[in-house]
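This report concerns only the one structure given below.
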Amino acid sequence: MNTYMNMLAWEDKSIPHRLWVERLDNNQTRLCMKVVKDIEPEMLYLELPTSQEKVIVAWQGRATAVSEAYDDGCLYSQVRSLFNLENGCVVWTVNHIQLADKTKMSADKLSFVPGMAHDQGLLKPLKAVSL
C-alpha cells in the first residue's frame, strides 16, 4: 500500500472513471473520483472519517444500486453505494443530463451517510446489517 495515494480498481470495465483514496494528515482519508466519460471530466472529493486501509478493505470493486434508475432519455439518475464502513456508507449519486446540443454531462456527487449501510440493494440502519 502506498502511504499517500492508492488506486481502487473497478470490476466493471464499462465504467471508465478513476477512483482512488488519499491519506490526509489527520488519519482521515479523502476519496477521489474522476468522472471521465463526459464532455469535461468532473472531479469529486469526499473526506472520510477513517483510514486508507479500511477504505481499501471495504472497496469491493463495484457500485451497488440502492435506488431504481430513472431514465427519460434526457435525464438519467440513480443512487449507488460504493462501500460500507463501520460507521456508515459511501454513496454515489449518478446524474447524466442530455444538453440541448445532444451532448451529455454529469452532475454526480459522493456522500458519506453516517449510521447506514447498503444491504441487498437497500440502505438500512447499521444495527440491522452485519458487516
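Letters for chains follow the order of the C-alpha cells (A, B, ...), residue numbers begin at 1 for each chain, and ligand numbers begin at 1 in the order shown.
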DSSP-assigned strand (DSSP E or B) among segment 26-75 of chain A, expressed as a ChimeraX atom specification: /A:29-35,42-48,64-65,70-71,75
Could you write out that same residue set with all heavy atoms as a compact mmCIF listing (two decimals), in the first residue's frame?
# COMPACT_ATOMS: atom_id res chain seq x y z
N THR A 29 -9.22 10.02 5.45
CA THR A 29 -8.98 9.65 4.06
C THR A 29 -9.81 10.53 3.16
O THR A 29 -10.93 10.91 3.52
CB THR A 29 -9.37 8.17 3.84
OG1 THR A 29 -8.55 7.37 4.68
CG2 THR A 29 -9.19 7.73 2.42
N ARG A 30 -9.27 10.84 2.00
CA ARG A 30 -10.07 11.55 1.00
C ARG A 30 -10.29 10.59 -0.16
O ARG A 30 -9.35 10.06 -0.74
CB ARG A 30 -9.36 12.81 0.53
CG ARG A 30 -10.20 13.57 -0.50
CD ARG A 30 -9.73 14.96 -0.70
NE ARG A 30 -8.50 14.98 -1.47
CZ ARG A 30 -8.01 16.05 -2.06
NH1 ARG A 30 -8.62 17.22 -1.95
NH2 ARG A 30 -6.88 15.99 -2.74
N LEU A 31 -11.57 10.36 -0.46
CA LEU A 31 -11.95 9.57 -1.62
C LEU A 31 -12.06 10.51 -2.80
O LEU A 31 -12.67 11.57 -2.71
CB LEU A 31 -13.29 8.88 -1.37
CG LEU A 31 -13.82 7.99 -2.49
CD1 LEU A 31 -12.92 6.78 -2.70
CD2 LEU A 31 -15.24 7.54 -2.15
N CYS A 32 -11.43 10.14 -3.92
CA CYS A 32 -11.43 10.97 -5.11
C CYS A 32 -11.98 10.16 -6.28
O CYS A 32 -11.63 8.99 -6.45
CB CYS A 32 -10.01 11.41 -5.46
SG CYS A 32 -9.14 12.21 -4.09
N MET A 33 -12.83 10.78 -7.07
CA MET A 33 -13.37 10.13 -8.26
C MET A 33 -13.25 11.10 -9.43
O MET A 33 -13.68 12.24 -9.34
CB MET A 33 -14.84 9.75 -8.07
CG MET A 33 -15.44 9.09 -9.31
SD MET A 33 -17.22 8.78 -9.16
CE MET A 33 -17.20 7.20 -8.34
N LYS A 34 -12.69 10.60 -10.51
CA LYS A 34 -12.63 11.37 -11.75
C LYS A 34 -13.64 10.75 -12.71
O LYS A 34 -13.47 9.61 -13.14
CB LYS A 34 -11.23 11.34 -12.35
CG LYS A 34 -11.10 12.18 -13.60
CD LYS A 34 -9.67 12.18 -14.11
CE LYS A 34 -9.53 13.10 -15.31
NZ LYS A 34 -8.15 13.10 -15.82
N VAL A 35 -14.70 11.48 -13.00
CA VAL A 35 -15.72 11.05 -13.95
C VAL A 35 -15.18 11.41 -15.33
O VAL A 35 -15.05 12.58 -15.66
CB VAL A 35 -17.08 11.74 -13.66
CG1 VAL A 35 -18.14 11.30 -14.65
CG2 VAL A 35 -17.53 11.46 -12.23
N GLU A 42 -15.13 15.45 -14.61
CA GLU A 42 -15.59 16.04 -13.35
C GLU A 42 -14.82 15.38 -12.22
O GLU A 42 -14.66 14.16 -12.21
CB GLU A 42 -17.09 15.78 -13.20
CG GLU A 42 -17.69 16.32 -11.93
CD GLU A 42 -19.17 15.99 -11.79
OE1 GLU A 42 -19.69 15.13 -12.50
OE2 GLU A 42 -19.81 16.61 -10.93
N MET A 43 -14.32 16.17 -11.27
CA MET A 43 -13.62 15.63 -10.11
C MET A 43 -14.53 15.73 -8.89
O MET A 43 -15.10 16.79 -8.63
CB MET A 43 -12.34 16.42 -9.85
CG MET A 43 -11.26 16.20 -10.88
SD MET A 43 -10.66 14.50 -10.99
CE MET A 43 -10.07 14.21 -9.33
N LEU A 44 -14.64 14.61 -8.19
CA LEU A 44 -15.43 14.55 -6.96
C LEU A 44 -14.51 14.18 -5.80
O LEU A 44 -13.64 13.32 -5.96
CB LEU A 44 -16.54 13.50 -7.08
CG LEU A 44 -17.47 13.62 -8.29
CD1 LEU A 44 -18.40 12.42 -8.35
CD2 LEU A 44 -18.26 14.91 -8.22
N TYR A 45 -14.72 14.81 -4.65
CA TYR A 45 -13.90 14.55 -3.47
C TYR A 45 -14.79 14.36 -2.26
O TYR A 45 -15.83 15.02 -2.14
CB TYR A 45 -12.96 15.74 -3.19
CG TYR A 45 -12.04 16.07 -4.32
CD1 TYR A 45 -12.33 17.11 -5.20
CD2 TYR A 45 -10.86 15.35 -4.50
CE1 TYR A 45 -11.47 17.41 -6.25
CE2 TYR A 45 -10.00 15.66 -5.55
CZ TYR A 45 -10.32 16.69 -6.42
OH TYR A 45 -9.47 17.00 -7.44
N LEU A 46 -14.39 13.47 -1.38
CA LEU A 46 -15.14 13.23 -0.15
C LEU A 46 -14.16 12.85 0.95
O LEU A 46 -13.42 11.86 0.83
CB LEU A 46 -16.15 12.10 -0.36
CG LEU A 46 -16.98 11.69 0.85
CD1 LEU A 46 -17.89 12.84 1.30
CD2 LEU A 46 -17.79 10.44 0.54
N GLU A 47 -14.14 13.63 2.03
CA GLU A 47 -13.32 13.28 3.19
C GLU A 47 -14.08 12.28 4.04
O GLU A 47 -15.28 12.45 4.31
CB GLU A 47 -12.97 14.53 4.00
CG GLU A 47 -11.94 15.38 3.30
CD GLU A 47 -11.38 16.50 4.15
OE1 GLU A 47 -11.43 16.41 5.40
OE2 GLU A 47 -10.89 17.47 3.55
N LEU A 48 -13.36 11.23 4.45
CA LEU A 48 -13.97 10.15 5.22
C LEU A 48 -13.30 10.03 6.59
O LEU A 48 -12.07 10.13 6.68
CB LEU A 48 -13.84 8.82 4.47
CG LEU A 48 -14.57 8.74 3.15
CD1 LEU A 48 -14.19 7.48 2.39
CD2 LEU A 48 -16.07 8.79 3.38
N THR A 64 -23.06 -0.60 -6.07
CA THR A 64 -24.30 -1.36 -5.90
C THR A 64 -25.48 -0.40 -5.92
O THR A 64 -25.51 0.55 -5.13
CB THR A 64 -24.28 -2.11 -4.55
OG1 THR A 64 -23.11 -2.93 -4.50
CG2 THR A 64 -25.51 -2.96 -4.37
N ALA A 65 -26.43 -0.64 -6.80
CA ALA A 65 -27.61 0.23 -6.88
C ALA A 65 -28.41 0.16 -5.58
O ALA A 65 -28.65 -0.93 -5.06
CB ALA A 65 -28.49 -0.18 -8.05
N TYR A 70 -33.75 6.13 -12.91
CA TYR A 70 -34.73 6.94 -13.64
C TYR A 70 -34.06 7.33 -14.95
O TYR A 70 -32.94 7.82 -14.96
CB TYR A 70 -35.09 8.19 -12.85
CG TYR A 70 -35.96 9.14 -13.64
CD1 TYR A 70 -37.33 8.94 -13.72
CD2 TYR A 70 -35.40 10.20 -14.35
CE1 TYR A 70 -38.13 9.79 -14.47
CE2 TYR A 70 -36.19 11.05 -15.10
CZ TYR A 70 -37.55 10.85 -15.17
OH TYR A 70 -38.34 11.68 -15.93
N ASP A 71 -34.74 7.10 -16.07
CA ASP A 71 -34.16 7.44 -17.37
C ASP A 71 -35.28 7.82 -18.33
O ASP A 71 -36.05 6.98 -18.76
CB ASP A 71 -33.38 6.25 -17.92
CG ASP A 71 -32.57 6.59 -19.15
OD1 ASP A 71 -32.67 7.73 -19.66
OD2 ASP A 71 -31.83 5.71 -19.61
N LEU A 75 -32.59 12.71 -18.90
CA LEU A 75 -32.03 12.65 -17.56
C LEU A 75 -31.95 11.20 -17.12
O LEU A 75 -32.92 10.45 -17.23
CB LEU A 75 -32.90 13.42 -16.57
CG LEU A 75 -32.53 13.27 -15.09
CD1 LEU A 75 -31.18 13.90 -14.80
CD2 LEU A 75 -33.60 13.87 -14.20
Near-segment 111-119 of chain A list (7 Å; only C-alpha atoms; drop same-chain fewer than 6 positions) as JSON, numbers by chain: {"A": [46, 81, 84, 87, 88, 89, 90, 91, 92, 125, 126, 129]}
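The alpha helix (DSSP H) portion of chain A consists of Gln52, Glu53, Lys54, Val55, Ile56, Val57 and Ala58 of chain A, with states taken from DSSP on the backbone.
Between atom CA of His96 of chain A and atom CA of Val36 of chain A lies a distance of 12.5 Å.
With only C-alpha atoms taken into account, the protein and nucleic acid residues at most 9 Å from Leu85 of chain A (excluding it and anything under 5 positions from it in its own chain) are Thr50, Lys54, Val55, Ala58, Val90, Ala117 and Leu131 of chain A.
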For atom CA of Arg80 of chain A and atom CA of Ile39 of chain A, the interatomic separation in Å (one decimal): 22.2 Å
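Take atom CA of Ser77 of chain A and atom CA of Leu99 of chain A: the distance between them is 14.8 Å.
Comparing the minimum interatomic distances between Met7 of chain A and each of A:Pro41, A:Gly61, A:Gly121, A:Pro49, counting only C-alpha atoms, we find that A:Gly61 sits nearest.
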Shell around Asn6 of chain A at 9 Å using only C-alpha atoms, local window under 5 positions removed, as a list of chain:residue names: A:Met1, A:Leu19, A:Trp20, A:Val21, A:Glu22, A:Arg23, A:Gln52, A:Ile56
Okay, now the selection with N, CA, C and O atoms, as a JSON list (two decimals), in the first residue's frame?
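Output file out_30.json is given in full below:
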[["chain", "number", "residue", "atom", "x", "y", "z"],
["A", 1, "MET", "N", 0.83, -1.19, 0.00],
["A", 1, "MET", "CA", 0.00, 0.00, 0.00],
["A", 1, "MET", "C", 0.88, 1.25, 0.00],
["A", 1, "MET", "O", 1.84, 1.34, 0.74],
["A", 19, "LEU", "N", -10.96, 6.00, -9.54],
["A", 19, "LEU", "CA", -11.30, 6.12, -8.13],
["A", 19, "LEU", "C", -10.04, 5.83, -7.32],
["A", 19, "LEU", "O", -9.33, 4.86, -7.59],
["A", 20, "TRP", "N", -9.73, 6.71, -6.36],
["A", 20, "TRP", "CA", -8.57, 6.48, -5.52],
["A", 20, "TRP", "C", -8.80, 7.08, -4.14],
["A", 20, "TRP", "O", -9.71, 7.87, -3.94],
["A", 21, "VAL", "N", -7.96, 6.67, -3.20],
["A", 21, "VAL", "CA", -8.00, 7.22, -1.83],
["A", 21, "VAL", "C", -6.66, 7.87, -1.53],
["A", 21, "VAL", "O", -5.62, 7.38, -1.95],
["A", 22, "GLU", "N", -6.74, 8.97, -0.82],
["A", 22, "GLU", "CA", -5.55, 9.70, -0.39],
["A", 22, "GLU", "C", -5.54, 9.78, 1.13],
["A", 22, "GLU", "O", -6.59, 9.99, 1.75],
["A", 23, "ARG", "N", -4.38, 9.62, 1.71],
["A", 23, "ARG", "CA", -4.24, 9.75, 3.16],
["A", 23, "ARG", "C", -4.13, 11.23, 3.51],
["A", 23, "ARG", "O", -3.37, 11.97, 2.89],
["A", 52, "GLN", "N", -7.09, 4.94, 5.23],
["A", 52, "GLN", "CA", -6.97, 4.40, 3.87],
["A", 52, "GLN", "C", -7.16, 2.88, 3.88],
["A", 52, "GLN", "O", -7.83, 2.33, 3.01],
["A", 56, "ILE", "N", -9.74, 0.66, 1.58],
["A", 56, "ILE", "CA", -9.24, -0.33, 0.62],
["A", 56, "ILE", "C", -9.88, -1.69, 0.89],
["A", 56, "ILE", "O", -10.30, -2.39, -0.04]]
